[in-house]
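Participant: Can you read through this structure? Questions will come right after.
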Amino acid sequence: MLPTSKIVSPPSDDKRWKIVDGMMRRHGHEPHALIEVLHTVQETFGFLTDDGLRYVAASLRVPTSRVYGVATFYHFFTMRPPGRHTCVVCTGTACHIKGASTLLSAVQEEAKIKLGETTKDGNLSLLTARCLGSCGLAPAVVFDGQVAGKITTESIKKRVRDFLGNDQETEILAVGEHQ
Amino acid sequence: MNQDDLANIAAQTKQADSRYDHVIKVCVAAGCLSANSDQVKTQIESEVKQRGLETCCKVKGVGCMGLCAAGPLVSGDTNEKMFQNVTPADASAILDSVMDDKPAPANIVIDSHLDFFTGQKKIVLENSGEIDPERVEDYIAADGYEALFHCITKLKPLGVIEQVTKSGLRGRGGAGFPTGLKWTTVYKAGSGQKYVICNADEGDPGAFMDRSVLESDPHRVLEGMAIAGYAVGANKGFIYCRAEYPLAVKRLRTAIRQAESNGLLGMNIGDTHFDFKIEIRLGAGAFVCGEETALIASIEGGRGTPRPRPPFPAQQGLWNSPTLINNVETFANIPPIIRRGGEWYSSIGTEKSKGTKVFALAGRVTNTGLIEVPMGITLREIIFKLGGGIPEGRRFKAVQSGGPSGGCVPEQFLDIPVDYDSLASVGSIMGSGGMIVMDETSCMVDVAKFFMDFCMTESCGKCVPCRVGTTQMHNILELISLGQATQKDLNRLQELTGMVKAASLCGLGQTAPNPTLTTLRYFMDEYRAHIEEGRCPAGICHPVKVEEEAEVGV
């Protein structure tokens with residue numbers, strides 16, 4: 001049995017845990033608020049950390065295994081830190097019909113990362129979404145949380161190049177020097 | 001608030017609006033917003049101010065106008081004048097056109113008499129594109145909450161259910177279960193704690209009807225849920241909404257707050273003894289959570305895995321209490337049914353499918369967007385009349401309805417009426433309303449593979465037929481698209497479709513083979529071209545025919 005009355009303190013003195021605490025309080029620390037709380041953690045910190053999962057587990061009196069199970073079951077939750085910029089390619093049916101897979105390979109080629117990865121310099125993460133519900137704008141891509149529609153291979157490559165910015169160039173230079 | 005207060009707010013709002021000679025409506029639903037319609041709105045507002053027209057011209061943000069692909073959309077007065085692809089620079093031209101009847105540049109004018117607009121019959125979407133979704137007063141002025149007040153003051157719960165049953169409304173989530181029957185079951189399930197859940201987990205790729213309804217007219221869904229709560233005897237409702245729809249969630253939150261502070265939700269609604277509260281629960285990107293038992297598991301804070309039924313949620317649902325689960329569009333149909341009577345609703349549609357249905361028309365079709373049409377309309381009318389046909393003079397190949405659970409309907413069935421039973425008879429389903437049009441540039445093997453990949457990834461893994469079956473089917477489809485499959489593989493694929501359909505635990509697995517089955521049935525020639533000739537007729541896959549020797553080993 002997990003302790004029921006122990007006051008759990010946050011994993012660090014990061015002030016952002018107060019936001020998470022507030023959410024848990026609003027739900028009366030009920031175990032069924034787990035998903036809501038995980039949403040808050042991810043919204044606040046950008047991703048879910050092991051420490052964060054343990055803290056939420058202890059605070060809501062839910063076994064850590066269950067918290068981990070929930071965090072890994074849902075696609076929306078990520079346990080890896082995202083890059084400074086994110087590029088989410090919609091792979092819903094309408095976007096698929098209109099060539100989402102070519103967009104995806106264009107980004108992979110341009111940024112030299114695979115799906116779900118982040119560039120080494122942490123500048124860009126490449127993700128996909130099941131369907132954004134913006135089918136009228138197909139093919140759609142979300143750049144840093146902003147939905148953009150009717151994307152072409154050229155326009156997505158340009159955005160990716162902008163995101164990669166100068167850091168990419170320095171990295172290539174660095175690689176060149178190394179050789 | 002009581003009925004008189006409601007009538008007062010409606011009258012005041014209408015009076016305030018009547019002071020303006022002109023109204024300019026700017027769509028602020030997600031589609032148009034992503035094309036910067038908020039900037040368009042700001043620019044028109046400042047232009048109005050600059051010309052000193054604030055007292056006679058009102059600029060307001062409204063919900064979805066339907067033709068999403070041509071956004072941002074703006075319309076003037078009674079929608080006689082509509083504008084597309086508007087940029088902030090067009091603000092002045094739009095004002096000239098609406099105020100002084102000067103012709104606007106041809107590239108931004110849409111013909112408001114297009115079949116796309118005139119061929120629709122709006123019930124669920126009657127307020128979309130008309131009212132400001134962030135103002136409860138606007139909704140009240142459009143007869144909002146009148147149905148709820150009528151129910152709680154004049155009707156007994158059974159009287160409400162009687163109207164819903166009479167209307168012939170069937171669940172708009174896809175399966176088409178009679179709504180009245182579901183309500184009756186929950187009503188009869190004892191007198192303890194009960195819940196109402198609104199399924200807004202629109203995971204079906206290619207569908208955006210629910211998002212649009214929530215963003216354009218959130219109060220209607222709240223009102224529908226409250227009426228349902230009164231009818232079945234529940235005092236608590238949950239809306240399970242996708243986290244991928246942040247704007248819908250935001251508008252719902254605003255709407256709930258407004259309804260609570262106006263006494264339209266909460267304790268003693270309309271000075272009666274009826275209490276009803278609504279909370280939002282966010283999904284987290286799992287398609288299976290659209291299945292009702294999985295959705296309940298998710299609201300309870302667990303992994304979204306389904307469980308065997310019976311017991312059905314109507315008897316044992318959320319926290320083992322009787323629970324009514326309906327889809328967004330089903331709830332949105334309730335207020336007009338109560339206001340205008342079940343008989344009126346049942347006069348629309350076909351014998352077994354009543355009312356209207358909202359479809360999200362997308363893919364290779366000229367007019368992409370949201371339409372609401374009476375049941376019984378033909379697919380041909382939807383695609384070629386309202387949808388404007390296939391762009392670039394290409395040939396129609398198939399229309400996919402029902403998403404990963406539905407099927408591809410070929411040209412020979414374009415004249416069947418759109419209703420639950422006709423679509424099922426050709427191997428597809430009505431589904432939640434996604435309708436993706438495909439032309440000759442789409443490869444049907446690729447489409448089958450796409451949906452199987454979806455089902456494989458989204459399978460929750462609880463039951464073996466779905467978890468393993470979808471993976472095996474996907475592998476075979478992959479082999480076919482690579483040109484490395486044999487007749488034997490095709491036979492195995494056919495065997496598997498039957499097995500997965502019959503043996504899976506929930507709807508996800510039971511319907512996962514549908515896209516494959518229908519493409520096998522109607523487009524076998526494409527499968528053969530891949531397997532026998534190493535050729536993809538649409539040029540999507542790049543099959544490489546294996547040498548004969550290599551095949552021997554298989």
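Starting from 1 in every chain, residues are counted up; chains themselves are A, B, ... following the order of the structure tokens, and ligands are numbered from 1 as listed.
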Using only C-alpha atoms, find which residues of chain B lie within 9 Å of chain A and jot them down as a PyMOL selection string.

Facilitator: chain B and resi 30-31+33-35+67-71+202-209+211-212+243-245+281-287+298-304+360-364+367-370+403+436-438+441-442+447+450-451+454+460

Participant: So that I can check the secondary structure, give me every residue of range 4-178 of chain A assigned helix (DSSP H, G or I) by backbone DSSP, as JSON, numbers by chain.

Facilitator: {"A": [17, 18, 19, 20, 21, 22, 23, 24, 25, 26, 31, 32, 33, 34, 35, 36, 37, 38, 39, 40, 41, 42, 43, 44, 45, 50, 51, 52, 53, 54, 55, 56, 57, 58, 59, 60, 64, 65, 66, 67, 68, 69, 70, 71, 72, 73, 93, 94, 95, 96, 97, 100, 101, 102, 103, 104, 105, 106, 107, 108, 109, 110, 111, 135, 136, 137, 153, 154, 155, 156, 157, 158, 159, 160, 161, 162, 163, 164, 165, 166, 167, 168, 169, 170, 171, 172, 173, 174, 175, 176, 177, 178]}

Participant: In Å, with one decimal, what is the gap from CA of Phe359 in chain B to CA of Gly376 in chain B?

Facilitator: 13.2 Å

Participant: One number please: CA of His530 in chain B to CA of Asn475 in chain B, in Å, one decimal.

Facilitator: 14.8 Å

Participant: Which neighbours of Val196 in chain B fall inside 8 Å, counting only C-alpha atoms, when residues of the same chain fewer than 5 positions from it are skipped, and could you give them as a ChimeraX atom specification?

Facilitator: /B:225,228-229,234,236-238,323-325

Participant: Give me, please, the distance in Å between CA of Arg395 in chain B and CA of Met452 in chain B, quoted to one decimal.

Facilitator: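 Spanning CA of Arg395 in chain B to CA of Met452 in chain B is a straight-line distance of 25.3 Å.
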
Participant: Quick one: everything within 9 Å of Val124 in chain B, counting only C-alpha atoms, minus sequence neighbours fewer than 3 positions away in the same chain. Send it as a list of chain:residue names.

Facilitator: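 After dropping sequence-adjacent residues, the list is B:Asn127, B:Ser128, B:Val213, B:Arg220, B:Glu329, B:Thr330, B:Ala332, B:Asn333, B:Pro336, B:Thr356, B:Lys357, B:Val358, B:Glu372.
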
Participant: Taking 2 positions as the minimum chain separation for residues in the same chain, which residues sit within 7 Å of Thr78 in chain A when counting only C-alpha atoms? Answer as a short mmCIF file (atom, residue, chain, number, x, y, z; two decimals) with C-alpha atoms, in the first residue's frame.

Facilitator:
data_model
loop_
_atom_site.label_atom_id
_atom_site.label_comp_id
_atom_site.auth_asym_id
_atom_site.auth_seq_id
_atom_site.Cartn_x
_atom_site.Cartn_y
_atom_site.Cartn_z
CA PHE A 47 8.07 16.76 -21.49
CA LEU A 48 7.65 14.20 -18.71
CA PHE A 76 0.50 12.81 -26.77
CA ARG A 80 12.09 13.13 -24.34
#

Participant: Using only C-alpha atoms, find the one residue out of B:Ile161, B:Ile9, B:Cys289, B:Leu265 that sits nearest to Arg242 in chain B.

Facilitator: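 Among B:Ile161, B:Ile9, B:Cys289, B:Leu265, it is B:Cys289 that comes nearest to Arg242 in chain B.
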
Participant: I need the strand (DSSP E or B) residues of range 239-424 of chain B per DSSP on the backbone, written as an MDAnalysis selection string.

Facilitator: chainID B and resid 239:241 266 276:282 323:327 349 354 356:363 369:374 378 396:401 407:410 417

Participant: Using only C-alpha atoms, which residue out of B:Arg251, B:Lys14, B:Lys501, B:Lys449 lies closest to Leu477 in chain B?

Facilitator: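 Closest to Leu477 in chain B of all the choices is B:Lys449.
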
Participant: Using only C-alpha atoms, which residue out of A:Thr128, A:Ser12, A:Thr153, A:Thr40 lies closest to Thr102 in chain A?

Facilitator: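 Comparing A:Thr128, A:Ser12, A:Thr153, A:Thr40 against Thr102 in chain A, the winner is A:Thr153.
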
Participant: Do you know which residues are at most 8 Å from Leu482 in chain B counting only C-alpha atoms, after dropping those on the same chain fewer than 3 positions away, and could you put them as a list in words?

Facilitator: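 Counting only C-alpha atoms, the residues come to Glu478, Leu479, Ala485, His530, Cys541, His542, Pro543, Val544 and Lys545 of chain B.
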